[in-house]
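Shown below: input24.txt, with compact mmCIF, C-alpha atoms.
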# COMPACT_ATOMS: atom_id res chain seq x y z
CA MET J 1102 77.64 60.18 -39.37
CA SER J 1103 78.09 63.77 -38.31
CA THR J 1104 75.65 66.63 -38.53
CA THR J 1105 76.72 70.05 -37.34
CA THR J 1106 74.50 72.75 -35.92
CA THR J 1107 74.54 75.57 -33.40
CA THR J 1108 72.97 75.67 -29.97
CA ARG J 1109 72.47 78.26 -27.28
CA PRO J 1110 75.97 79.37 -26.25
CA SER J 1111 75.01 79.41 -22.58
CA THR J 1112 74.10 75.70 -22.48
CA ALA J 1113 76.85 74.40 -24.76
CA GLU J 1114 79.55 76.59 -23.27
CA ALA J 1115 78.50 75.74 -19.73
CA ILE J 1116 78.76 72.02 -20.43
CA ARG J 1117 82.04 72.49 -22.28
CA THR J 1118 83.47 74.48 -19.35
CA VAL J 1119 82.34 72.03 -16.69
CA PHE J 1120 83.70 69.11 -18.71
CA SER J 1121 87.05 70.84 -19.14
CA GLU J 1122 87.31 71.54 -15.41
CA ARG J 1123 86.54 67.93 -14.47
CA PHE J 1124 88.06 65.86 -17.26
CA GLY J 1125 90.00 68.03 -19.70
CA ASN J 1126 88.80 68.87 -23.19
CA ALA J 1127 85.76 67.06 -24.56
CA ALA J 1128 86.17 65.02 -27.72
CA VAL J 1129 82.52 65.18 -28.75
CA ILE J 1130 79.67 67.54 -27.84
CA VAL J 1131 76.09 66.74 -28.90
CA ARG J 1132 72.72 68.40 -28.40
CA SER J 1133 69.44 66.52 -28.49
CA PRO J 1134 66.06 68.25 -28.16
CA GLY J 1135 62.93 67.53 -26.22
CA ARG J 1136 59.69 67.08 -28.13
CA VAL J 1137 56.02 67.93 -28.23
CA ASN J 1138 53.23 66.01 -29.94
CA LEU J 1139 50.85 68.32 -31.78
CA ILE J 1140 48.06 65.79 -32.33
CA GLY J 1141 47.68 62.01 -32.26
CA GLU J 1142 47.56 61.03 -28.57
CA HIS J 1143 47.29 57.41 -27.39
CA THR J 1144 47.46 56.29 -31.01
CA ASP J 1145 51.06 55.02 -30.93
CA TYR J 1146 50.37 51.74 -29.13
CA ASN J 1147 47.43 51.16 -31.46
CA ASN J 1148 49.83 51.16 -34.44
CA GLY J 1149 48.47 54.50 -35.61
CA PHE J 1150 50.01 57.85 -36.53
CA VAL J 1151 51.52 60.56 -34.35
CA LEU J 1152 52.58 64.12 -35.20
CA PRO J 1153 55.50 65.13 -32.98
CA ALA J 1154 58.16 67.79 -33.40
CA ALA J 1155 61.54 68.49 -31.86
CA ILE J 1156 61.66 71.72 -29.85
CA ASP J 1157 64.19 74.43 -29.16
CA LYS J 1158 64.93 73.13 -25.65
CA ALA J 1159 67.62 70.49 -25.52
CA THR J 1160 70.02 68.35 -23.52
CA THR J 1161 73.72 68.84 -24.24
CA VAL J 1162 76.22 66.00 -23.71
CA ALA J 1163 80.02 66.19 -23.72
CA VAL J 1164 82.11 63.00 -23.79
CA SER J 1165 85.70 61.82 -24.07
CA ARG J 1166 87.38 58.42 -24.04
CA ARG J 1167 89.11 56.89 -21.05
CA ASN J 1168 91.94 54.35 -21.01
CA ASP J 1169 90.01 51.90 -18.82
CA ASP J 1170 86.50 50.41 -18.61
CA VAL J 1171 85.14 53.02 -16.20
CA ILE J 1172 82.14 55.18 -17.05
CA HIS J 1173 82.24 58.47 -15.15
CA LEU J 1174 79.03 60.49 -15.41
CA TYR J 1175 78.28 63.98 -14.17
CA ALA J 1176 74.83 65.60 -14.21
CA ASN J 1177 75.46 69.33 -14.20
CA ASP J 1178 71.90 70.38 -13.42
CA PHE J 1179 71.53 68.44 -10.15
CA PRO J 1180 74.63 68.35 -9.61
CA ASP J 1181 75.54 64.71 -9.07
CA SER J 1182 78.07 62.17 -10.31
CA HIS J 1183 78.08 58.43 -10.83
CA LEU J 1184 80.74 55.80 -11.51
CA ALA J 1185 80.07 52.52 -13.30
CA SER J 1186 81.99 49.81 -15.14
CA LEU J 1187 81.36 48.52 -18.64
CA ASP J 1188 81.27 45.00 -17.23
CA ALA J 1189 78.83 45.78 -14.40
CA LEU J 1190 76.00 47.84 -15.86
CA LEU J 1191 73.23 47.73 -13.26
CA PRO J 1192 70.15 49.98 -13.04
CA THR J 1193 70.28 52.58 -10.28
CA GLY J 1194 66.64 53.68 -10.37
CA ASN J 1195 67.83 57.23 -11.09
CA TRP J 1196 69.18 59.51 -13.81
CA PRO J 1197 72.32 57.42 -14.67
CA ASP J 1198 70.04 54.72 -16.13
CA TYR J 1199 69.24 56.83 -19.20
CA VAL J 1200 72.95 56.80 -20.12
CA LEU J 1201 73.87 53.34 -18.85
CA GLY J 1202 70.83 51.85 -20.56
CA VAL J 1203 72.04 53.10 -23.94
CA VAL J 1204 75.49 51.65 -23.26
CA SER J 1205 73.93 48.33 -22.30
CA GLN J 1206 71.85 48.19 -25.48
CA LEU J 1207 74.73 49.11 -27.79
CA ARG J 1208 76.94 46.46 -26.23
CA GLY J 1209 74.11 43.94 -26.49
CA MET J 1210 73.91 44.76 -30.21
CA GLY J 1211 77.58 43.79 -30.53
CA TYR J 1212 79.20 47.23 -30.68
CA ALA J 1213 82.57 47.68 -28.98
CA LEU J 1214 82.73 50.51 -26.46
CA GLY J 1215 85.40 51.63 -24.04
CA GLY J 1216 85.24 53.63 -20.85
CA PHE J 1217 84.30 57.29 -21.13
CA ASN J 1218 83.67 60.49 -19.21
CA LEU J 1219 80.35 62.23 -19.80
CA VAL J 1220 78.84 65.52 -18.62
CA PHE J 1221 75.31 66.59 -19.47
CA GLY J 1222 72.85 69.38 -18.80
CA GLY J 1223 70.19 71.37 -20.58
CA ASP J 1224 66.95 73.31 -20.53
CA VAL J 1225 64.31 70.64 -21.25
CA PRO J 1226 61.97 71.03 -18.25
CA LEU J 1227 61.84 67.88 -16.14
CA GLY J 1228 58.45 66.28 -15.63
CA ALA J 1229 56.62 68.61 -18.02
CA GLY J 1230 56.01 66.04 -20.75
CA MET J 1231 58.72 67.23 -23.16
CA SER J 1232 60.69 63.97 -22.96
CA SER J 1233 63.87 65.04 -21.23
CA SER J 1234 64.71 61.35 -20.80
CA ALA J 1235 64.52 60.65 -24.55
CA ALA J 1236 66.68 63.71 -25.21
CA LEU J 1237 69.40 62.36 -22.92
CA GLU J 1238 69.16 58.86 -24.39
CA CYS J 1239 69.43 60.14 -27.97
CA ALA J 1240 72.27 62.52 -27.09
CA THR J 1241 74.14 59.63 -25.48
CA ALA J 1242 73.63 57.30 -28.43
CA PHE J 1243 74.70 59.96 -30.93
CA ALA J 1244 77.76 60.97 -28.87
CA LEU J 1245 78.95 57.38 -28.37
CA ASN J 1246 78.43 56.69 -32.07
CA GLU J 1247 80.75 59.61 -32.84
CA LEU J 1248 83.24 58.87 -30.05
CA PHE J 1249 83.73 55.20 -30.91
CA SER J 1250 83.06 55.43 -34.68
CA LEU J 1251 80.27 52.85 -34.54
CA GLY J 1252 78.75 53.75 -37.92
CA LEU J 1253 75.15 53.73 -36.69
CA ASP J 1254 72.35 55.31 -38.68
CA ARG J 1255 69.74 57.45 -36.95
CA LEU J 1256 67.03 54.80 -36.82
CA THR J 1257 69.36 52.31 -35.17
CA MET J 1258 70.23 54.92 -32.55
CA VAL J 1259 66.53 55.64 -32.00
CA LYS J 1260 65.81 51.95 -31.45
CA ALA J 1261 68.74 51.64 -29.04
CA ALA J 1262 67.50 54.65 -27.09
CA GLN J 1263 63.95 53.29 -26.92
CA ALA J 1264 65.21 49.87 -25.85
CA ALA J 1265 67.24 51.53 -23.09
CA GLU J 1266 64.05 53.07 -21.70
CA ASN J 1267 62.03 49.86 -22.09
CA ARG J 1268 64.53 47.29 -20.85
CA PHE J 1269 66.94 49.16 -18.57
CA VAL J 1270 64.91 52.05 -17.16
CA GLY J 1271 61.75 49.93 -17.13
CA VAL J 1272 59.32 52.33 -18.84
CA ASN J 1273 57.21 50.74 -21.59
CA CYS J 1274 57.20 53.78 -23.89
CA GLY J 1275 56.63 53.75 -27.63
CA ILE J 1276 59.17 54.98 -30.14
CA MET J 1277 57.73 58.47 -30.71
CA ASP J 1278 59.79 60.41 -28.16
CA GLN J 1279 63.18 59.15 -29.30
CA PHE J 1280 62.20 59.34 -32.97
CA ALA J 1281 61.15 62.99 -32.71
CA SER J 1282 64.27 63.92 -30.78
CA MET J 1283 66.57 62.29 -33.33
CA PHE J 1284 64.75 63.13 -36.59
CA GLY J 1285 63.29 66.59 -35.83
CA LYS J 1286 63.43 69.30 -38.49
CA LYS J 1287 63.04 73.03 -37.94
CA ASP J 1288 59.56 74.38 -38.79
CA HIS J 1289 58.26 70.88 -39.55
CA VAL J 1290 56.31 68.23 -37.70
CA ILE J 1291 56.85 64.52 -38.31
CA ARG J 1292 53.97 62.36 -39.47
CA LEU J 1293 55.18 59.06 -38.08
CA ASP J 1294 53.52 55.75 -38.86
CA CYS J 1295 54.02 53.79 -35.63
CA ARG J 1296 53.47 50.46 -37.41
CA SER J 1297 55.92 50.76 -40.31
CA LEU J 1298 58.05 53.67 -38.98
CA ASP J 1299 57.59 55.37 -42.33
CA PHE J 1300 57.58 59.14 -41.83
CA ALA J 1301 57.16 62.40 -43.65
CA TYR J 1302 57.97 65.99 -42.76
CA ILE J 1303 54.92 68.26 -42.78
CA PRO J 1304 55.52 72.04 -42.80
CA PHE J 1305 54.47 73.79 -39.62
CA SER J 1306 54.78 77.53 -40.09
CA MET J 1307 55.67 79.36 -36.87
CA ASP J 1308 55.24 82.70 -38.62
CA GLY J 1309 52.80 84.60 -36.42
CA PHE J 1310 52.24 81.70 -34.00
CA ARG J 1311 53.85 80.19 -30.95
CA ILE J 1312 53.37 76.93 -29.12
CA VAL J 1313 52.68 77.56 -25.45
CA LEU J 1314 52.68 74.80 -22.85
CA LEU J 1315 50.77 75.48 -19.64
CA ASP J 1316 51.87 73.15 -16.85
CA THR J 1317 49.12 72.14 -14.42
CA ASN J 1318 51.71 71.33 -11.76
CA VAL J 1319 49.81 68.13 -10.98
CA LYS J 1320 50.31 64.47 -11.77
CA HIS J 1321 47.53 62.28 -10.47
CA SER J 1322 48.65 58.89 -9.17
CA LEU J 1323 46.30 56.80 -11.30
CA GLY J 1324 48.14 57.69 -14.51
CA SER J 1325 50.22 54.52 -14.95
CA SER J 1326 47.51 52.05 -13.96
CA GLU J 1327 44.94 53.76 -16.18
CA TYR J 1328 47.42 53.83 -19.06
CA ASN J 1329 47.77 50.05 -18.90
CA LEU J 1330 44.00 49.71 -18.59
CA ARG J 1331 43.44 51.79 -21.74
CA ARG J 1332 45.84 49.59 -23.67
CA ASN J 1333 43.91 46.52 -22.53
CA GLN J 1334 40.56 48.11 -23.42
CA CYS J 1335 41.77 48.86 -26.94
CA GLU J 1336 42.97 45.27 -27.32
CA THR J 1337 39.59 44.03 -26.09
CA GLY J 1338 37.85 46.09 -28.77
CA VAL J 1339 40.14 44.69 -31.44
CA ALA J 1340 39.37 41.14 -30.25
CA MET J 1341 35.64 41.83 -30.63
CA ILE J 1342 36.16 42.96 -34.22
CA ARG J 1343 38.52 40.07 -35.05
CA GLU J 1344 35.79 37.56 -34.25
CA HIS J 1345 34.18 38.78 -37.48
CA LEU J 1346 37.10 40.34 -39.36
CA PRO J 1347 40.32 38.44 -38.52
CA GLU J 1348 42.37 40.69 -40.79
CA VAL J 1349 42.01 43.55 -38.28
CA LYS J 1350 45.22 43.45 -36.26
CA SER J 1351 44.85 46.70 -34.29
CA LEU J 1352 42.65 49.78 -34.09
CA ARG J 1353 44.81 51.17 -36.90
CA ASP J 1354 42.87 48.80 -39.18
CA ALA J 1355 39.42 49.60 -37.74
CA ASP J 1356 36.81 52.15 -38.73
CA LEU J 1357 33.65 53.50 -37.09
CA ASN J 1358 31.42 51.12 -39.00
CA MET J 1359 33.26 48.14 -37.51
CA LEU J 1360 32.97 49.62 -34.03
CA ASN J 1361 29.27 50.31 -34.45
CA ARG J 1362 28.58 46.77 -35.68
CA TYR J 1363 30.81 44.63 -33.50
CA VAL J 1364 31.81 46.59 -30.37
CA ALA J 1365 28.96 48.94 -29.46
CA PRO J 1366 26.38 46.13 -28.99
CA GLN J 1367 28.71 44.29 -26.59
CA ASP J 1368 30.30 46.99 -24.40
CA THR J 1369 29.60 50.72 -24.35
CA LEU J 1370 32.77 51.63 -22.46
CA ILE J 1371 35.06 49.65 -24.78
CA TYR J 1372 33.24 51.27 -27.70
CA GLN J 1373 33.96 54.77 -26.35
CA ARG J 1374 37.65 54.02 -25.88
CA CYS J 1375 38.01 52.57 -29.36
CA ARG J 1376 35.93 55.31 -30.95
CA TYR J 1377 38.31 57.96 -29.65
CA VAL J 1378 41.33 56.16 -31.14
CA VAL J 1379 39.69 55.59 -34.53
CA GLU J 1380 38.48 59.21 -34.72
CA GLU J 1381 41.91 60.47 -33.66
CA LYS J 1382 43.53 58.51 -36.47
CA GLU J 1383 41.34 60.26 -39.02
CA ARG J 1384 41.71 63.60 -37.25
CA LEU J 1385 45.49 63.44 -37.49
CA LEU J 1386 45.47 62.72 -41.21
CA GLY J 1387 43.06 65.61 -41.72
CA ALA J 1388 45.28 67.84 -39.60
CA CYS J 1389 48.22 67.08 -41.89
CA ASN J 1390 46.10 68.24 -44.84
CA ASP J 1391 45.34 71.45 -42.92
CA LEU J 1392 49.04 72.12 -42.42
CA GLU J 1393 49.83 71.42 -46.06
CA ALA J 1394 47.18 74.00 -46.97
CA GLY J 1395 48.43 76.48 -44.36
CA ASP J 1396 45.07 76.42 -42.57
CA MET J 1397 46.16 76.84 -38.96
CA LYS J 1398 42.63 77.67 -37.81
CA ALA J 1399 41.31 74.29 -38.99
CA PHE J 1400 44.30 72.58 -37.40
CA GLY J 1401 43.57 74.33 -34.09
CA GLU J 1402 39.95 73.26 -34.15
CA LYS J 1403 41.07 69.64 -34.43
CA MET J 1404 43.22 70.13 -31.32
CA PHE J 1405 40.11 71.17 -29.39
CA ARG J 1406 38.22 68.14 -30.70
CA THR J 1407 41.08 65.87 -29.67
CA HIS J 1408 40.86 67.20 -26.13
CA HIS J 1409 37.13 66.60 -26.05
CA GLY J 1410 37.70 62.99 -27.08
CA LEU J 1411 40.49 62.50 -24.55
CA SER J 1412 38.32 63.96 -21.79
CA HIS J 1413 34.92 62.43 -22.55
CA LEU J 1414 35.57 59.23 -24.54
CA TYR J 1415 39.04 58.09 -23.49
CA GLU J 1416 38.73 59.70 -20.04
CA VAL J 1417 42.41 60.42 -19.42
CA SER J 1418 42.07 64.13 -18.65
CA CYS J 1419 41.59 65.66 -15.21
CA PRO J 1420 39.82 68.75 -13.80
CA GLU J 1421 42.94 70.91 -14.02
CA LEU J 1422 43.57 70.10 -17.69
CA ASP J 1423 39.90 70.58 -18.55
CA PHE J 1424 39.86 73.93 -16.77
CA LEU J 1425 42.79 75.24 -18.81
CA VAL J 1426 41.39 74.08 -22.16
CA ASP J 1427 37.90 75.39 -21.38
CA ARG J 1428 39.23 78.81 -20.35
CA VAL J 1429 41.30 79.38 -23.51
CA ARG J 1430 38.63 78.08 -25.89
CA ASN J 1431 37.09 81.50 -26.52
CA HIS J 1432 40.29 83.50 -26.25
CA PRO J 1433 40.73 85.37 -29.57
CA GLY J 1434 44.47 84.66 -29.72
CA VAL J 1435 44.19 80.89 -29.20
CA LEU J 1436 43.64 78.75 -32.29
CA GLY J 1437 43.68 75.40 -30.54
CA ALA J 1438 44.45 73.65 -27.26
CA ARG J 1439 44.42 70.18 -25.74
CA MET J 1440 46.00 68.10 -23.04
CA MET J 1441 49.34 66.60 -24.07
CA GLY J 1442 50.77 63.26 -23.08
CA GLY J 1443 49.45 60.30 -21.15
CA GLY J 1444 46.99 62.35 -19.12
CA PHE J 1445 45.87 62.89 -15.53
CA GLY J 1446 48.10 65.94 -15.24
CA GLY J 1447 51.02 67.52 -17.06
CA CYS J 1448 50.65 70.24 -19.67
CA THR J 1449 48.16 71.61 -22.12
CA ILE J 1450 49.58 72.49 -25.52
CA ASN J 1451 48.23 75.70 -27.03
CA LEU J 1452 48.59 77.21 -30.50
CA VAL J 1453 48.68 80.95 -29.87
CA ALA J 1454 49.01 84.09 -32.00
CA VAL J 1455 52.39 85.61 -31.20
CA ASP J 1456 50.98 88.97 -30.09
CA ALA J 1457 48.66 87.23 -27.59
CA VAL J 1458 51.23 85.05 -25.85
CA GLU J 1459 52.20 87.28 -22.91
CA GLU J 1460 48.63 88.31 -22.15
CA LEU J 1461 47.44 84.70 -22.31
CA ILE J 1462 50.13 83.45 -19.95
CA ALA J 1463 49.44 86.19 -17.41
CA ASP J 1464 45.67 85.81 -17.62
CA MET J 1465 45.71 82.02 -17.30
CA ALA J 1466 48.20 82.11 -14.41
CA HIS J 1467 45.81 84.41 -12.54
CA GLN J 1468 42.72 82.33 -13.28
CA TYR J 1469 44.43 79.02 -12.54
CA GLY J 1470 45.88 80.33 -9.30
CA GLU J 1471 42.47 81.53 -8.13
CA HIS J 1472 40.83 78.24 -9.13
CA THR J 1473 43.41 75.76 -7.80
CA GLY J 1474 45.81 77.68 -5.57
CA LYS J 1475 48.68 76.46 -7.73
CA ASP J 1476 51.28 78.19 -9.85
CA LEU J 1477 51.06 77.74 -13.63
CA PRO J 1478 54.51 77.43 -15.24
CA ALA J 1479 54.44 78.33 -18.92
CA TYR J 1480 56.87 77.40 -21.70
CA VAL J 1481 56.96 79.20 -25.03
CA ILE J 1482 58.62 76.94 -27.56
CA SER J 1483 59.41 76.77 -31.24
CA ILE J 1484 60.11 73.80 -33.48
CA GLY J 1485 63.76 73.01 -34.05
CA ASN J 1486 66.16 70.46 -35.49
CA GLY J 1487 66.89 67.00 -34.13
CA THR J 1488 69.97 65.52 -32.51
CA SER J 1489 73.25 66.88 -33.86
CA LYS J 1490 76.92 67.34 -33.15
CA ILE J 1491 78.03 70.80 -32.06

Encoded form (structure tokens):
Amino acid sequence: MSTTTTTRPSTAEAIRTVFSERFGNAAVIVRSPGRVNLIGEHTDYNNGFVLPAAIDKATTVAVSRRNDDVIHLYANDFPDSHLASLDALLPTGNWPDYVLGVVSQLRGMGYALGGFNLVFGGDVPLGAGMSSSAALECATAFALNELFSLGLDRLTMVKAAQAAENRFVGVNCGIMDQFASMFGKKDHVIRLDCRSLDFAYIPFSMDGFRIVLLDTNVKHSLGSSEYNLRRNQCETGVAMIREHLPEVKSLRDADLNMLNRYVAPQDTLIYQRCRYVVEEKERLLGACNDLEAGDMKAFGEKMFRTHHGLSHLYEVSCPELDFLVDRVRNHPGVLGARMMGGGFGGCTINLVAVDAVEELIADMAHQYGEHTGKDLPAYVISIGNGTSKI
């Protein structure tokens, strides 16, 4: 399957040029975007809904076949190269794993691949929560599908990319990142049901608005351990409900009445964790109604409420994230803001009137610098299309 689009000439042409210099002409060139999640945080592993979108920052991959079983990779942005063999695909603990993992999964699914040369690079910021890894995985899957005529549909490629991250890279992520990268649609968000994988495109008008990410420049070390703990706490809450209502399989099936009756009397902390997830489920569905009605103000207010829940009920925020959200709350050009991602650092995502963007970035950089002594990188993004052949 082949979908054609355009990308920034600088990125595509740079990768094309580098590939030509190292390997000759590329047979296939693919771009795959990073993603943001507008609302619906920590709901994916509770079988709930998420609302991601592909962005206008992407990873570009160029590939061509070889006449042997060698895989020759080159990362243009580092720069660094890596050689591997189809018959000896071993994790390296570094960037090659995002490509080799996809190869490993496709071969495990029974698809025949040969050796290939691959060059990649792009402008998805690393470590800022925009899923640069998923972008590379999806670009690799799409490019190999084209190069070797595998006949894969998009969902199969998404699942292969997710499995690469889970089983080869060793990160137990959900499917949202790869799904958004592969299925993104310009000026739309994706309402994805993480249980059934049913999805719908919801219009997200960028007319008069921009999405601004403010990067705290911190990542507190307790993130991964607390993430696993939150998953366990949610499962504990479900177990409490199932003692009375065995049909409840996850917090997706729960409501506040169930929590009040069966969880709150037993454990206040578990109740708070579960309450956030159940409220976020309802908040996301309401936010989709806001977007359908073109009510960006109401949507923004739900973003603020999500942050409050993440900070006070789910407790995955941190002082730096709270500072940024608190300081933009009364800014006239900001409709909504919240922390984005797993928590304990990373970015806030802000919905900002277009004529207020530059002033907001400058003002927040000054305030954040005075408060923390740190720089505040900012990324102004728009919503774009998903993975495609150039």

Which residues are close to Ser1232 in chain J, i.e. within 8 Å by all atoms listed in the file, leaving aside same-chain residues fewer than 6 positions away? Reply as a compact mmCIF listing (two decimals) with C-alpha atoms, in the frame of the given file.
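Result file is around-v9.txt:
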# COMPACT_ATOMS: atom_id res chain seq x y z
CA GLY J 1135 62.93 67.53 -26.22
CA ARG J 1136 59.69 67.08 -28.13
CA VAL J 1225 64.31 70.64 -21.25
CA ASP J 1278 59.79 60.41 -28.16

Could you give me, as a PyMOL selection string, the residues within 12 Å of range 1172-1182 of chain J, counting only C-alpha atoms and dropping anything in the same chain fewer than 5 positions from it?
chain J and resi 1112-1113+1115-1120+1122-1124+1160-1167+1187-1190+1195-1201+1204-1205+1214-1227+1237+1241+1245

Which residue of J:Ala1394, J:Ala1264, J:Met1283, J:Ala1213 approaches Gly1252 in chain J most closely, using all atoms listed in the file
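The shortest atom-to-atom distance to Gly1252 in chain J comes from J:Ala1213.
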
Using Å and a single decimal, report how far CA of Ile1482 in chain J sits from CA of Phe1305 in chain J.
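Taking CA of Phe1305 in chain J and CA of Ile1482 in chain J, their separation equals 13.1 Å.
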
In Å, how far is it from CA of Gly1309 in chain J to CA of Gly1437 in chain J?
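About the pair CA of Gly1309 in chain J and CA of Gly1437 in chain J: they are 14.2 Å apart.
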
Could you work out how far CA of Ser1133 in chain J lies from CA of Thr1488 in chain J, giving the answer in Å with one decimal?
4.2 Å

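The nearest approach to Met1397 in chain J among the residues J:Ser1306, J:Asn1318, J:Asn1486, J:Ser1325, with all atoms listed in the file taken into account, belongs to J:Ser1306.
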
Just the residues within 10 Å of Met1258 in chain J, please, counting all atoms listed in the file, with nothing from its chain fewer than 5 positions along; format it as a CSV table (one decimal) with C-alpha atoms, in the coordinates of the input.
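Output file around-v8.csv follows:
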chain,number,residue,atom,x,y,z
J,1203,VAL,CA,72.0,53.1,-23.9
J,1206,GLN,CA,71.8,48.2,-25.5
J,1207,LEU,CA,74.7,49.1,-27.8
J,1238,GLU,CA,69.2,58.9,-24.4
J,1239,CYS,CA,69.4,60.1,-28.0
J,1240,ALA,CA,72.3,62.5,-27.1
J,1241,THR,CA,74.1,59.6,-25.5
J,1242,ALA,CA,73.6,57.3,-28.4
J,1243,PHE,CA,74.7,60.0,-30.9
J,1245,LEU,CA,79.0,57.4,-28.4
J,1246,ASN,CA,78.4,56.7,-32.1
J,1253,LEU,CA,75.2,53.7,-36.7
J,1263,GLN,CA,64.0,53.3,-26.9
J,1264,ALA,CA,65.2,49.9,-25.8
J,1279,GLN,CA,63.2,59.2,-29.3
J,1280,PHE,CA,62.2,59.3,-33.0
J,1283,MET,CA,66.6,62.3,-33.3

So which residues touch Ala1457 in chain J within 12 Å, counting all atoms listed in the file, skipping near sequence neighbours fewer than 6 positions away, as a ChimeraX atom specification?
/J:1309-1313,1429,1432-1436,1451,1463-1465,1481

Compute the distance from (48.2, 71.7, -18.8) to each atom, counting all atoms listed in the file, keep the residues with any atom at most 7 Å away, and return them as a list in words; use the coordinates of the file.
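So the residues meeting the distance criterion are Leu1314, Leu1315, Asp1316, Thr1317, Leu1422, Leu1425, Met1440, Gly1446, Gly1447, Cys1448, Thr1449 and Ile1450 of chain J.
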
Pick the closest to Asn1267 in chain J from J:Asn1390, J:Gln1334, J:Ser1121, J:Ser1234: which is it, counting all atoms listed in the file?
J:Ser1234
